[in-house]
Each structure stands twice: as C-alpha cells, then as structure tokens.
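J.: The file below is data02.csv, CSV, C-alpha atoms and all ligand atoms:
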```csv
chain,number,residue,atom,x,y,z
A,1,MET,CA,0.0,0.0,0.0
A,2,LYS,CA,1.3,3.4,-1.0
A,3,LEU,CA,0.2,6.8,0.2
A,4,SER,CA,-0.7,9.2,-2.6
A,5,ALA,CA,-2.4,12.2,-0.8
A,6,ALA,CA,-3.9,13.2,2.5
A,7,GLU,CA,-6.7,15.6,3.5
A,8,LEU,CA,-6.4,17.3,6.9
A,9,ARG,CA,-9.7,18.9,8.0
A,10,PHE,CA,-10.6,20.8,11.1
A,11,VAL,CA,-14.2,20.2,12.3
A,12,SER,CA,-16.1,22.0,15.0
A,13,LEU,CA,-18.9,20.3,16.8
A,14,PRO,CA,-20.9,22.2,19.5
A,15,LEU,CA,-21.5,20.0,22.6
A,16,VAL,CA,-25.0,19.4,23.8
A,17,THR,CA,-24.0,20.8,27.2
A,18,PRO,CA,-20.7,22.5,28.2
A,19,PHE,CA,-18.4,19.9,29.8
A,20,ARG,CA,-16.6,21.1,32.9
A,21,THR,CA,-13.7,19.2,34.5
A,22,SER,CA,-11.0,20.2,36.9
A,23,LEU,CA,-9.1,21.3,33.8
A,24,GLY,CA,-11.6,23.8,32.5
A,25,THR,CA,-14.9,24.1,30.6
A,26,GLN,CA,-15.5,23.0,27.0
A,27,ALA,CA,-18.5,24.0,24.9
A,28,VAL,CA,-17.3,23.0,21.5
A,29,ARG,CA,-15.3,20.0,20.3
A,30,ASN,CA,-12.8,21.0,17.7
A,31,ALA,CA,-11.2,18.0,16.1
A,32,LEU,CA,-8.9,17.1,13.3
A,33,VAL,CA,-10.1,14.6,10.7
A,34,LEU,CA,-7.5,12.8,8.6
A,35,ARG,CA,-8.3,11.1,5.3
A,36,LEU,CA,-5.6,9.2,3.5
A,37,GLU,CA,-5.7,8.3,-0.2
A,38,THR,CA,-3.7,5.2,-0.8
A,39,SER,CA,-3.2,2.7,-3.6
A,40,LEU,CA,-5.7,0.4,-1.8
A,41,GLY,CA,-8.3,3.0,-1.1
A,42,GLU,CA,-9.2,5.5,1.6
A,43,GLY,CA,-8.4,5.5,5.3
A,44,TRP,CA,-10.1,7.7,8.0
A,45,ALA,CA,-9.2,8.7,11.5
A,46,GLU,CA,-9.5,11.6,13.9
A,47,CYS,CA,-7.0,13.2,16.2
A,48,VAL,CA,-8.3,13.6,19.7
A,49,ALA,CA,-6.0,16.5,20.9
A,50,ASP,CA,-7.8,19.4,22.5
A,51,ASP,CA,-7.5,23.1,21.6
A,52,GLU,CA,-5.1,23.7,24.5
A,53,PRO,CA,-2.5,21.5,26.1
A,54,SER,CA,-4.3,21.0,29.4
A,55,TYR,CA,-5.3,17.3,29.5
A,56,SER,CA,-2.1,16.4,27.7
A,57,PRO,CA,0.9,18.3,26.3
A,58,GLU,CA,-0.6,18.0,22.8
A,59,TYR,CA,-2.9,20.6,21.2
A,60,LEU,CA,-4.9,20.5,18.0
A,61,THR,CA,-3.0,22.9,15.7
A,62,GLY,CA,0.3,21.5,17.0
A,63,ALA,CA,-0.9,18.0,16.1
A,64,ALA,CA,-1.9,19.2,12.6
A,65,ASP,CA,1.6,20.8,12.2
A,66,VAL,CA,3.5,17.7,13.2
A,67,ILE,CA,1.3,15.5,11.0
A,68,ARG,CA,1.5,17.9,8.0
A,69,ARG,CA,5.2,18.8,8.2
A,70,LEU,CA,6.9,15.6,9.6
A,71,PHE,CA,4.6,12.5,9.7
A,72,LEU,CA,3.0,12.6,6.3
A,73,PRO,CA,6.3,13.4,4.5
A,74,LYS,CA,7.8,10.4,6.3
A,75,LEU,CA,5.0,8.2,5.0
A,76,PHE,CA,5.2,9.6,1.5
A,77,ALA,CA,8.9,8.7,1.5
A,78,MET,CA,8.4,5.2,2.9
A,79,GLY,CA,6.9,3.6,-0.2
A,80,GLU,CA,5.2,0.4,1.0
A,81,LEU,CA,3.0,1.1,4.1
A,82,ASP,CA,1.6,-1.1,6.8
A,83,PRO,CA,0.3,-0.1,10.2
A,84,ALA,CA,3.2,-1.7,12.2
A,85,GLY,CA,5.7,-0.2,9.9
A,86,VAL,CA,4.2,3.2,10.2
A,87,ALA,CA,4.3,2.9,14.0
A,88,VAL,CA,8.0,2.0,13.8
A,89,ALA,CA,8.8,4.9,11.4
A,90,LEU,CA,7.0,7.5,13.6
A,91,ASP,CA,8.8,6.1,16.7
A,92,GLY,CA,11.8,8.2,15.5
A,93,PHE,CA,9.8,11.3,16.5
A,94,ARG,CA,9.4,11.8,20.2
A,95,GLY,CA,6.1,12.4,21.9
A,96,HIS,CA,2.9,13.5,19.9
A,97,PRO,CA,1.0,10.2,20.6
A,98,MET,CA,-2.4,11.7,19.6
A,99,ALA,CA,-1.0,12.8,16.2
A,100,LYS,CA,0.7,9.4,15.7
A,101,SER,CA,-2.5,7.6,16.7
A,102,ALA,CA,-4.5,9.5,14.0
A,103,VAL,CA,-1.9,8.7,11.3
A,104,GLU,CA,-1.6,5.0,12.3
A,105,THR,CA,-5.3,4.6,12.6
A,106,ALA,CA,-6.0,6.0,9.1
A,107,VAL,CA,-3.4,3.6,7.7
A,108,LEU,CA,-4.9,0.7,9.7
A,109,ASP,CA,-8.4,1.7,8.4
A,110,ALA,CA,-7.2,1.8,4.8
A,111,SER,CA,-5.4,-1.6,5.0
A,112,LEU,CA,-8.2,-3.4,6.8
A,113,ARG,CA,-10.8,-2.0,4.4
A,114,ALA,CA,-8.7,-3.4,1.6
A,115,THR,CA,-8.8,-6.9,3.2
A,116,GLY,CA,-12.5,-6.7,4.3
A,117,MET,CA,-11.6,-7.2,8.0
A,118,CYS,CA,-13.1,-5.1,10.8
A,119,LEU,CA,-10.9,-3.5,13.5
A,120,SER,CA,-12.5,-5.5,16.3
A,121,THR,CA,-11.5,-8.8,14.6
A,122,TYR,CA,-8.0,-7.5,13.8
A,123,LEU,CA,-7.4,-6.5,17.4
A,124,GLY,CA,-8.8,-9.7,18.9
A,125,GLY,CA,-12.2,-8.6,20.0
A,126,VAL,CA,-14.5,-11.1,21.6
A,127,ARG,CA,-17.7,-9.0,22.0
A,128,ARG,CA,-20.3,-7.7,19.6
A,129,ARG,CA,-21.6,-5.0,21.9
A,130,VAL,CA,-19.9,-3.3,24.8
A,131,PRO,CA,-21.3,-1.9,28.1
A,132,VAL,CA,-21.0,1.8,28.4
A,133,GLY,CA,-21.1,4.5,31.0
A,134,VAL,CA,-21.2,8.3,31.0
A,135,SER,CA,-18.8,10.9,32.3
A,136,VAL,CA,-20.7,13.7,34.1
A,137,GLY,CA,-19.1,17.1,34.3
A,138,ILE,CA,-18.9,19.4,37.3
A,139,THR,CA,-22.1,21.5,37.6
A,140,ASP,CA,-23.0,24.8,39.4
A,141,THR,CA,-25.3,23.1,41.9
A,142,ILE,CA,-25.9,19.6,43.3
A,143,ASP,CA,-29.5,19.8,42.1
A,144,GLU,CA,-28.3,20.3,38.5
A,145,LEU,CA,-25.9,17.3,38.9
A,146,LEU,CA,-28.7,15.1,40.3
A,147,GLY,CA,-30.9,16.1,37.3
A,148,LEU,CA,-28.2,15.0,34.9
A,149,VAL,CA,-27.5,11.7,36.6
A,150,ASP,CA,-31.2,11.0,36.7
A,151,ARG,CA,-31.4,11.6,32.9
A,152,TYR,CA,-28.4,9.3,32.2
A,153,LEU,CA,-29.6,6.5,34.5
A,154,THR,CA,-33.1,6.7,32.8
A,155,ALA,CA,-31.3,6.4,29.4
A,156,GLY,CA,-29.8,3.2,30.6
A,157,TYR,CA,-26.1,4.0,31.2
A,158,LEU,CA,-24.5,1.3,33.2
A,159,ARG,CA,-22.0,3.4,35.1
A,160,ILE,CA,-21.8,7.0,36.2
A,161,LYS,CA,-18.5,8.8,36.4
A,162,LEU,CA,-18.5,12.1,38.3
A,163,LYS,CA,-15.8,14.7,37.6
A,164,ILE,CA,-14.4,15.9,40.8
A,165,GLU,CA,-11.9,18.6,42.1
A,166,PRO,CA,-11.1,20.1,45.5
A,167,GLY,CA,-14.3,21.6,46.8
A,168,TRP,CA,-16.5,19.3,44.5
A,169,ASP,CA,-15.9,15.8,45.7
A,170,ILE,CA,-17.4,14.3,48.9
A,171,GLU,CA,-20.6,16.3,48.8
A,172,PRO,CA,-21.7,15.5,45.2
A,173,VAL,CA,-20.7,11.8,45.6
A,174,ARG,CA,-22.8,11.7,48.8
A,175,ALA,CA,-25.7,13.4,47.1
A,176,VAL,CA,-25.7,10.9,44.2
A,177,ARG,CA,-25.5,7.9,46.6
A,178,GLU,CA,-28.3,9.2,48.8
A,179,THR,CA,-30.5,10.0,45.8
A,180,PHE,CA,-29.9,6.9,43.6
A,181,GLY,CA,-28.7,4.3,46.0
A,182,SER,CA,-25.6,2.3,46.7
A,183,SER,CA,-26.0,-0.1,43.8
A,184,VAL,CA,-25.4,2.4,41.0
A,185,PRO,CA,-21.9,1.7,39.6
A,186,LEU,CA,-20.2,4.9,40.4
A,187,THR,CA,-16.7,6.3,39.8
A,188,VAL,CA,-14.9,9.7,40.1
A,189,ASP,CA,-12.3,11.3,37.9
A,190,ALA,CA,-10.1,14.1,39.3
A,191,ASN,CA,-8.0,14.8,36.1
A,192,THR,CA,-4.9,15.4,38.3
A,193,ALA,CA,-6.5,18.1,40.5
A,194,TYR,CA,-5.2,16.9,43.9
A,195,ARG,CA,-1.8,17.1,45.6
A,196,PRO,CA,0.0,14.5,47.9
A,197,GLY,CA,-1.3,16.4,51.0
A,198,ASP,CA,-4.8,15.4,50.0
A,199,ILE,CA,-4.4,11.7,50.6
A,200,ARG,CA,-6.3,11.8,53.9
A,201,HIS,CA,-9.1,13.8,52.4
A,202,LEU,CA,-9.4,11.4,49.4
A,203,ARG,CA,-9.7,8.4,51.8
A,204,GLY,CA,-13.0,10.0,52.7
A,205,LEU,CA,-14.3,8.7,49.4
A,206,ASP,CA,-14.0,5.1,50.7
A,207,GLU,CA,-17.3,5.2,52.4
A,208,PHE,CA,-19.2,5.5,49.1
A,209,GLY,CA,-18.3,2.1,47.6
A,210,LEU,CA,-17.0,3.6,44.3
A,211,LEU,CA,-15.8,1.2,41.6
A,212,LEU,CA,-12.6,3.3,41.3
A,213,VAL,CA,-11.0,6.7,41.7
A,214,GLU,CA,-9.4,8.0,38.5
A,215,GLN,CA,-6.1,10.0,38.3
A,216,PRO,CA,-6.1,12.2,41.4
A,217,PHE,CA,-2.5,13.4,41.1
A,218,PRO,CA,-0.3,14.8,38.3
A,219,PRO,CA,0.7,12.3,35.6
A,220,GLU,CA,4.4,11.9,36.6
A,221,ASP,CA,3.6,11.4,40.3
A,222,LEU,CA,3.3,7.6,40.5
A,223,HIS,CA,4.6,7.6,44.0
A,224,SER,CA,1.7,9.5,45.5
A,225,HIS,CA,-0.7,7.3,43.5
A,226,ALA,CA,1.0,4.3,45.1
A,227,ARG,CA,0.7,5.8,48.6
A,228,LEU,CA,-3.0,6.6,48.1
A,229,ALA,CA,-3.6,3.1,46.6
A,230,ALA,CA,-2.1,1.6,49.8
A,231,ALA,CA,-4.1,3.9,52.1
A,232,MET,CA,-7.4,3.5,50.4
A,233,GLU,CA,-9.9,0.6,49.9
A,234,THR,CA,-11.3,2.0,46.6
A,235,PRO,CA,-9.4,0.8,43.6
A,236,LEU,CA,-7.2,3.5,42.0
A,237,CYS,CA,-7.3,3.9,38.2
A,238,LEU,CA,-4.7,5.8,36.1
A,239,ASP,CA,-5.5,7.8,32.9
A,240,GLU,CA,-3.1,10.7,32.2
A,241,SER,CA,-0.1,8.8,33.8
A,242,ILE,CA,-0.2,5.9,31.3
A,243,THR,CA,1.2,6.9,27.9
A,244,SER,CA,2.6,3.5,26.9
A,245,ALA,CA,2.6,-0.3,27.7
A,246,ARG,CA,5.9,0.4,29.4
A,247,ASP,CA,4.3,3.0,31.7
A,248,ALA,CA,1.5,0.5,32.5
A,249,ALA,CA,4.0,-2.1,33.5
A,250,THR,CA,5.9,0.4,35.7
A,251,ALA,CA,2.7,1.7,37.4
A,252,LEU,CA,1.5,-1.8,38.1
A,253,ARG,CA,4.9,-2.9,39.5
A,254,GLN,CA,4.9,0.2,41.8
A,255,GLY,CA,1.4,-0.5,43.0
A,256,ALA,CA,0.3,2.9,41.6
A,257,CYS,CA,-3.0,1.5,40.3
A,258,SER,CA,-5.1,-1.6,40.1
A,259,VAL,CA,-7.3,-0.5,37.0
A,260,ILE,CA,-6.2,1.2,33.8
A,261,ASN,CA,-8.2,3.6,31.6
A,262,ILE,CA,-7.0,3.1,28.0
A,263,LYS,CA,-7.2,5.8,25.5
A,264,PRO,CA,-5.7,5.0,22.1
A,265,GLY,CA,-4.8,8.7,21.4
A,266,ARG,CA,-3.0,9.0,24.7
A,267,VAL,CA,-0.8,5.9,24.1
A,268,GLY,CA,-0.1,6.6,20.4
A,269,GLY,CA,-2.6,4.3,18.7
A,270,TYR,CA,-4.6,1.1,18.7
A,271,LEU,CA,-1.6,-1.2,18.5
A,272,GLU,CA,0.0,0.3,21.6
A,273,ALA,CA,-3.5,0.4,23.3
A,274,ARG,CA,-3.7,-3.4,22.7
A,275,ARG,CA,-0.2,-3.8,24.3
A,276,VAL,CA,-1.4,-1.8,27.4
A,277,HIS,CA,-4.4,-4.2,27.5
A,278,ASP,CA,-2.1,-7.2,27.3
A,279,VAL,CA,0.2,-5.9,30.1
A,280,ALA,CA,-2.8,-5.4,32.3
A,281,GLN,CA,-4.1,-8.8,31.5
A,282,ALA,CA,-0.8,-10.4,32.4
A,283,HIS,CA,-1.1,-8.6,35.8
A,284,GLY,CA,-4.7,-9.7,36.2
A,285,VAL,CA,-5.8,-6.0,36.2
A,286,PRO,CA,-9.0,-4.9,34.5
A,287,VAL,CA,-9.0,-2.1,31.9
A,288,TRP,CA,-11.7,0.1,30.4
A,289,CYS,CA,-11.9,2.3,27.4
A,290,GLY,CA,-11.7,6.1,28.1
A,291,GLY,CA,-13.1,8.8,25.9
A,292,MET,CA,-12.0,12.2,24.5
A,293,LEU,CA,-15.4,13.4,23.3
A,294,GLU,CA,-14.7,11.7,20.0
A,295,THR,CA,-16.6,12.2,16.8
A,296,GLY,CA,-18.2,9.0,15.3
A,297,LEU,CA,-14.8,8.1,13.8
A,298,GLY,CA,-13.0,7.8,17.1
A,299,ARG,CA,-16.1,6.3,18.7
A,300,ALA,CA,-16.3,3.5,16.2
A,301,ALA,CA,-12.6,2.6,16.6
A,302,ASN,CA,-12.9,2.8,20.4
A,303,LEU,CA,-15.8,0.3,20.3
A,304,ALA,CA,-13.6,-2.1,18.5
A,305,LEU,CA,-10.9,-1.7,21.2
A,306,ALA,CA,-13.4,-2.2,24.0
A,307,SER,CA,-14.5,-5.5,22.5
A,308,LEU,CA,-11.2,-7.1,23.7
A,309,PRO,CA,-11.5,-9.5,26.6
A,310,GLY,CA,-9.7,-7.4,29.3
A,311,PHE,CA,-12.1,-4.5,29.0
A,312,GLN,CA,-14.0,-5.5,32.1
A,313,LEU,CA,-15.7,-2.2,33.0
A,314,PRO,CA,-18.1,0.0,31.1
A,315,GLY,CA,-16.3,2.5,28.8
A,316,ASP,CA,-16.6,6.3,28.4
A,317,ILE,CA,-18.0,5.5,25.0
A,318,SER,CA,-21.4,7.1,25.4
A,319,ALA,CA,-24.1,7.4,22.7
A,320,THR,CA,-23.7,10.3,20.2
A,321,ALA,CA,-26.7,12.2,21.7
A,322,ARG,CA,-24.8,12.6,25.0
A,323,TYR,CA,-22.3,14.8,23.1
A,324,TYR,CA,-23.6,16.2,19.9
A,325,THR,CA,-26.9,17.0,18.2
A,326,GLN,CA,-25.1,16.5,14.9
A,327,ASP,CA,-22.0,14.4,14.4
A,328,ILE,CA,-19.9,13.9,11.2
A,329,THR,CA,-21.0,10.2,11.0
A,330,GLU,CA,-24.3,8.5,11.6
A,331,PRO,CA,-25.1,8.5,15.3
A,332,PHE,CA,-24.4,5.6,17.8
A,333,SER,CA,-27.4,4.8,20.0
A,334,LEU,CA,-27.7,3.1,23.3
A,335,ALA,CA,-29.6,-0.2,23.6
A,336,ASP,CA,-29.8,-1.8,27.1
A,337,GLY,CA,-26.8,0.3,28.2
A,338,HIS,CA,-24.6,-1.1,25.4
A,339,LEU,CA,-23.2,0.2,22.1
A,340,GLU,CA,-22.8,-2.2,19.1
A,341,VAL,CA,-19.3,-2.9,17.9
A,342,PRO,CA,-19.0,-1.9,14.2
A,343,THR,CA,-18.4,-5.0,12.0
A,344,ALA,CA,-17.9,-3.2,8.6
A,345,PRO,CA,-14.3,-3.3,7.3
A,346,GLY,CA,-11.7,-1.0,8.9
A,347,ILE,CA,-13.0,1.2,11.7
A,348,GLY,CA,-16.4,0.4,10.3
A,349,ILE,CA,-17.7,3.9,9.5
A,350,THR,CA,-17.0,6.8,7.2
A,351,PRO,CA,-18.2,10.4,7.7
A,352,ASP,CA,-21.5,11.4,6.1
A,353,PRO,CA,-20.3,13.8,3.4
A,354,ALA,CA,-23.0,16.5,4.0
A,355,SER,CA,-22.6,16.5,7.8
A,356,LEU,CA,-18.8,16.6,7.4
A,357,ALA,CA,-19.0,19.5,5.0
A,358,ARG,CA,-21.4,21.4,7.3
A,359,LEU,CA,-19.1,21.0,10.4
A,360,THR,CA,-15.8,21.6,8.6
A,361,THR,CA,-14.0,24.9,9.3
A,362,SER,CA,-11.0,24.4,7.1
A,363,THR,CA,-9.5,21.8,4.7
A,364,GLU,CA,-6.0,21.2,3.5
A,365,TRP,CA,-4.6,18.9,0.8
A,366,ILE,CA,-1.2,17.4,1.3
A,367,THR,CA,0.7,15.7,-1.5
A,368,PRO,CA,4.2,14.3,-1.9
B,1,LIG,O1,-10.3,12.4,31.8
B,1,LIG,O2,-11.5,10.9,31.0
B,1,LIG,C1,-11.1,12.0,31.0
B,1,LIG,C2,-12.9,14.0,28.2
B,1,LIG,C3,-11.8,14.8,27.7
B,1,LIG,C4,-10.6,14.6,28.3
B,1,LIG,C5,-10.4,13.8,29.4
B,1,LIG,C6,-11.4,13.0,29.9
B,1,LIG,C7,-12.7,13.1,29.3
B,1,LIG,C8,-13.9,12.5,29.8
B,1,LIG,C9,-15.1,12.3,28.9
B,1,LIG,O3,-14.0,12.1,30.9
B,1,LIG,C10,-15.0,10.9,28.2
B,1,LIG,C11,-16.0,10.9,27.1
B,1,LIG,O4,-17.2,10.6,27.3
B,1,LIG,O5,-15.6,11.0,25.9
B,2,MG,MG,-9.9,10.6,33.0
```
Before anything else, please render the file you have as structure tokens.

T.:
Amino acid sequence: MKLSAAELRFVSLPLVTPFRTSLGTQAVRNALVLRLETSLGEGWAECVADDEPSYSPEYLTGAADVIRRLFLPKLFAMGELDPAGVAVALDGFRGHPMAKSAVETAVLDASLRATGMCLSTYLGGVRRRVPVGVSVGITDTIDELLGLVDRYLTAGYLRIKLKIEPGWDIEPVRAVRETFGSSVPLTVDANTAYRPGDIRHLRGLDEFGLLLVEQPFPPEDLHSHARLAAAMETPLCLDESITSARDAATALRQGACSVINIKPGRVGGYLEARRVHDVAQAHGVPVWCGGMLETGLGRAANLALASLPGFQLPGDISATARYYTQDITEPFSLADGHLEVPTAPGIGITPDPASLARLTTSTEWITP
C-alpha cells in the first residue's frame, strides 16, 4: 500500500451541554479529521488532541503541524506502508502520541478496508456489543448534577462517572449515593486536581463504595498514587499517567493503580493500546476504554478496542446524543446500556459527506 495524498480537516462540533472538569470548561469539540488516499483506497481517523495543552501536552494545531510537516512526508517517503511499519517509522519522533495515533489509525483503516476485515477482529475482539457509562461534568449546583445523573440512568447508562476537584468531591458523591442508592456503579475522575497532601481527604471517598477513583494526582507522580492506593480501599485507576505499555508495567509494578483507563490517542494508537491491555491482563488487572469526546470516527474505533476481553468495566463511549446533536457520522445509540461494535471493514464507519461539509471549518490537501 502506498500513500498518494492526505486531507487534513478541522471540524467544529458544538457540545449538547458544556463539559466542565477540573481542567476547565469546554462548549465545542474541535477535532482534526484525517483522510488518506492510498493505492488500496481511503483511510479515515480523527486526532483527539484538544484546543489547548491541558489534559495532555498536545494541542490540535500543534498536532496538525507535526502531521503535516513531519509525519506525512515520512509516510510519502516510505513507499510500501503497513500499520506496524508506520508505528516504527514514527517512533523516531518523540512524543505526539495523539498525532501518531491519528496517522496510524488512518493507515490501519485503509489496510483493513482493503482486506475486508473489521478493526475488532483485527485487534482480537470477543464481544459484539460493549457496556458503556457516561462521564458527568462538574455542575454549578448539586441539584443540577442530580438532574443530569437521573437523565443518564433513565437512558440506561451502566456506570456514572463524576468529575471531581477540590471543593467538589465528597458532597456531590454523597448526594448521588443518597438519591440513587448504593447499587449504581459509580466512579470519580479528578484529572490530576489533587496534591499529595490530599491523601487523607481522598480516603473520605472510601465510604461510598466507588468502583474506582481516576487520576487524582499529576501524571508523573506515580509515588503519590502508590501511597494513596495503599491507604485507600477503593481501587485506583490511572488515565493521564499511562502513555505506553511500558508506563503501564511500571505503574503496576509500583502499585500505583489496580485499574487502567486506556485511550488510544494518549498511548499513540490502537496497536499500543492493545499492548497496554495485554500488560494489564498479564497482571490480572481490568482495563476500560476512556473517551476524549470523540466524533463518530473515534467512537467506532474505540468500540472495536473495547471488544477485547480485558475490557471488564463500562467505557466512556457514550451514545452520540450525550455529546452532539449532529456528528460527522451517523449516530451511535444506546440499547440496554450497550453500544454495538461496528463490523464493517476497517474502523467500520465513514463520515456522512453532507454532515462533514457542514461541520468543517478548514480543509488542507497534502501531496508528496
Ligand atoms: O479524563 O477521561 C477524561 C474528556 C476529555 C478529556 C479527558 C477526559 C474526558 C472524559 C469524557 O471524561 C469521556 C467521554 O465521554 O468522551
Ligand atoms: Mg480521565
């Protein structure tokens, strides 16, 4: 397979409701859509970097720059392309996992489409549908939060994740438990908002029977995560800290977590995501698929990943309606708290041309 041209497209999707986390508030999802034209046909992917480097060091226009100026020229120069070869070639560039993931996924999509195989089968998926949860942002009032949680439980979501930060933790969790009961699968995600001195405070979450606490401390602080894990009954889950399978092995060896959130963009692609899954399985540790407010392109591919056997907890792969009134692809809908794993070749979906055109803010053609 040879790459002949690439289209880089910025799209802008207004969120149904602004999404507030300890990192900030987001009202619009801007994303980068990559379309490769190869000798075997098209390949599609999205880049999940955010506008600003707050969740991770990457940001959208920076990702576009490294793809346009370094990654694609490398691929044009390679001649024969395959997904593993692309991963090796891009390994010579440090960092930029979200940009690498987009390029590798588009190559993977094109090559799987050409052979008629779906991504789930390629990765070793064992499920045709996956259980999903929903990530609930920080709200102005507890009442507003309870209203949202009520709506999501009624819709059938199988797990509720509350975003927390100092000053918005024990009380909202208590309110949700008191209102909806102790059997609702419930987690919290701090997006690195706490400091080592907060360990005693965070132990206060133990009384609520949470499935897990996600990433309380900064990404590089495995030591504090290990201390909290030892001090707390609730399982500790890492998100931002895990950027590779090697990181996963290190964190598990240090006792810094007992659950891992896997996001393909954060670890540099679906091949590395599978390796993180394999490391976790070897340690007997469950994983689940995180989300980055993906468009339908990323959602489809994440569903394939979440069909692997080690994905033991509901993913942050909510139905399209939780995020967008209009997506660039056909919508994904919830049935019984599950989303169906796409079975069409490649990532299993392509953008709807009219929706894509409507949501595009700029397009760029890149040729050798
Ligand atoms: O920490 O999991 C996170 C969204 C953007 C960046 C980071 C995170 C999230 C979410 C939402 O929690 C997950 C989703 O539903 O896409
Ligand atoms: Mg998270």

J.: Tell me which of A:Val132, A:Leu293, A:Ala319, A:Val287 sits closest to ligand LIG 1 (chain B), counting only C-alpha atoms and all ligand atoms.

T.: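 Nearest to ligand LIG 1 (chain B): A:Leu293.
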
J.: Excluding Val66 of chain A and its own-chain neighbours fewer than 6 positions away, which residues fall within 9 Å of it when counting all atoms listed in the file? Please give them as a ChimeraX atom specification.

T.: /A:72,96,99

J.: For the residues in that selection, give me C-alpha atoms as a PDB file, in the coordinates of the input.

T.:
```
ATOM      1  CA  LEU A  72       3.000  12.600   6.300  1.00  0.00           C
ATOM      2  CA  HIS A  96       2.900  13.500  19.900  1.00  0.00           C
ATOM      3  CA  ALA A  99      -1.000  12.800  16.200  1.00  0.00           C
TER       4      ALA A  99
END
```

J.: For chain A versus ligand MG 2 (chain B), which residues have an atom no more than 6 Å away, and what is each residue's nearest atom pair and distance in Å rounded to one decimal, using all atoms listed in the file, chain-then-number order, as a Markdown table?

T.:
```
| residue | atom | partner | partner_atom | distance |
| --- | --- | --- | --- | --- |
| A:Asp189 | CA | B:MG2 | MG | 5.5 |
| A:Asn191 | CA | B:MG2 | MG | 5.6 |
| A:Asp239 | CA | B:MG2 | MG | 5.2 |
```

J.: Find, counting only C-alpha atoms, the residue in A:Thr363, A:Pro97, A:Ala31, A:Leu305 that gets nearest to Thr121 of chain A.

T.: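 Among A:Thr363, A:Pro97, A:Ala31, A:Leu305, it is A:Leu305 that comes nearest to Thr121 of chain A.
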
J.: In the coordinate frame of the file, compute which residues have an atom within 10 Å of (-25.9, 12.8, 44.9) when using only C-alpha atoms, and state them as a ChimeraX atom specification.

T.: /A:142-143,145-147,149-150,162,170-181

J.: So, with all atoms listed in the file as the atoms that count, which of A:Thr115, A:Val28, A:Tyr194, A:Arg266 lies closest to Val16 of chain A?

T.: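 Among the listed residues, the smallest separation from Val16 of chain A belongs to A:Val28.
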
J.: Select from chain A every residue with an atom at most 9 Å from any atom of ligand LIG 1 (chain B), then for each give the shortest pair of atoms and their distance in Å to one decimal, using all atoms listed in the file, rows by chain and rising number, as CSV.

T.:
```
residue,atom,partner,partner_atom,distance
A:Phe19,CA,B:LIG1,C2,8.2
A:Thr21,CA,B:LIG1,O3,8.0
A:Leu23,CA,B:LIG1,C5,8.8
A:Val48,CA,B:LIG1,C3,8.8
A:Ala49,CA,B:LIG1,C4,8.9
A:Asp50,CA,B:LIG1,C3,8.0
A:Tyr55,CA,B:LIG1,C4,6.1
A:Ser56,CA,B:LIG1,C4,8.7
A:Gly133,CA,B:LIG1,O4,8.1
A:Val134,CA,B:LIG1,O4,5.9
A:Ser135,CA,B:LIG1,O3,5.1
A:Val136,CA,B:LIG1,O3,7.6
A:Gly137,CA,B:LIG1,O3,7.9
A:Lys161,CA,B:LIG1,O3,7.8
A:Leu162,CA,B:LIG1,O3,8.7
A:Lys163,CA,B:LIG1,O3,7.4
A:Asp189,CA,B:LIG1,O1,6.5
A:Ala190,CA,B:LIG1,O1,7.7
A:Asn191,CA,B:LIG1,O1,5.4
A:Thr192,CA,B:LIG1,O1,9.0
A:Glu214,CA,B:LIG1,O1,8.1
A:Gln215,CA,B:LIG1,O1,8.1
A:Asp239,CA,B:LIG1,O1,6.7
A:Glu240,CA,B:LIG1,O1,7.4
A:Asn261,CA,B:LIG1,O2,8.0
A:Lys263,CA,B:LIG1,O2,8.6
A:Gly290,CA,B:LIG1,O2,5.6
A:Gly291,CA,B:LIG1,O5,3.3
A:Met292,CA,B:LIG1,O5,4.0
A:Leu293,CA,B:LIG1,O5,3.5
A:Glu294,CA,B:LIG1,O5,6.0
A:Arg299,CA,B:LIG1,O5,8.6
A:Gly315,CA,B:LIG1,O4,8.3
A:Asp316,CA,B:LIG1,O4,4.5
A:Ile317,CA,B:LIG1,O4,5.7
A:Ser318,CA,B:LIG1,O4,5.8
A:Ala319,CA,B:LIG1,O4,8.9
A:Arg322,CA,B:LIG1,O4,8.2
A:Tyr323,CA,B:LIG1,O4,7.8
```

J.: If I only have part of segment 239-249 of chain A, can you fill in N, CA, C and O atoms and write it as a compact mmCIF listing (two decimals), in the coordinates of the input?

T.:
```txt
# COMPACT_ATOMS: atom_id res chain seq x y z
N ASP A 239 -5.19 7.34 34.29
CA ASP A 239 -5.50 7.80 32.90
C ASP A 239 -4.30 8.53 32.40
O ASP A 239 -3.43 7.94 31.74
N GLU A 240 -4.15 9.82 32.76
CA GLU A 240 -3.10 10.70 32.20
C GLU A 240 -1.68 10.07 32.43
O GLU A 240 -0.79 10.32 31.61
N SER A 241 -1.46 9.30 33.50
CA SER A 241 -0.10 8.80 33.80
C SER A 241 0.34 7.70 32.79
O SER A 241 1.53 7.42 32.68
N ILE A 242 -0.60 7.05 32.12
CA ILE A 242 -0.20 5.90 31.30
C ILE A 242 -0.16 6.29 29.82
O ILE A 242 -1.18 6.45 29.15
N THR A 243 1.05 6.47 29.31
CA THR A 243 1.20 6.90 27.90
C THR A 243 1.80 5.76 27.05
O THR A 243 2.09 5.99 25.88
N SER A 244 2.01 4.58 27.63
CA SER A 244 2.60 3.50 26.90
C SER A 244 2.36 2.16 27.67
O SER A 244 2.05 2.20 28.87
N ALA A 245 2.62 1.04 27.02
CA ALA A 245 2.60 -0.30 27.70
C ALA A 245 3.68 -0.31 28.77
O ALA A 245 3.49 -0.90 29.84
N ARG A 246 4.80 0.34 28.47
CA ARG A 246 5.90 0.40 29.40
C ARG A 246 5.46 1.11 30.71
O ARG A 246 5.72 0.66 31.83
N ASP A 247 4.81 2.27 30.52
CA ASP A 247 4.30 3.00 31.70
C ASP A 247 3.32 2.13 32.49
O ASP A 247 3.32 2.17 33.72
N ALA A 248 2.49 1.36 31.78
CA ALA A 248 1.50 0.50 32.50
C ALA A 248 2.24 -0.50 33.34
O ALA A 248 1.88 -0.70 34.51
N ALA A 249 3.28 -1.11 32.78
CA ALA A 249 4.00 -2.10 33.50
C ALA A 249 4.69 -1.45 34.75
O ALA A 249 4.66 -2.01 35.86
```
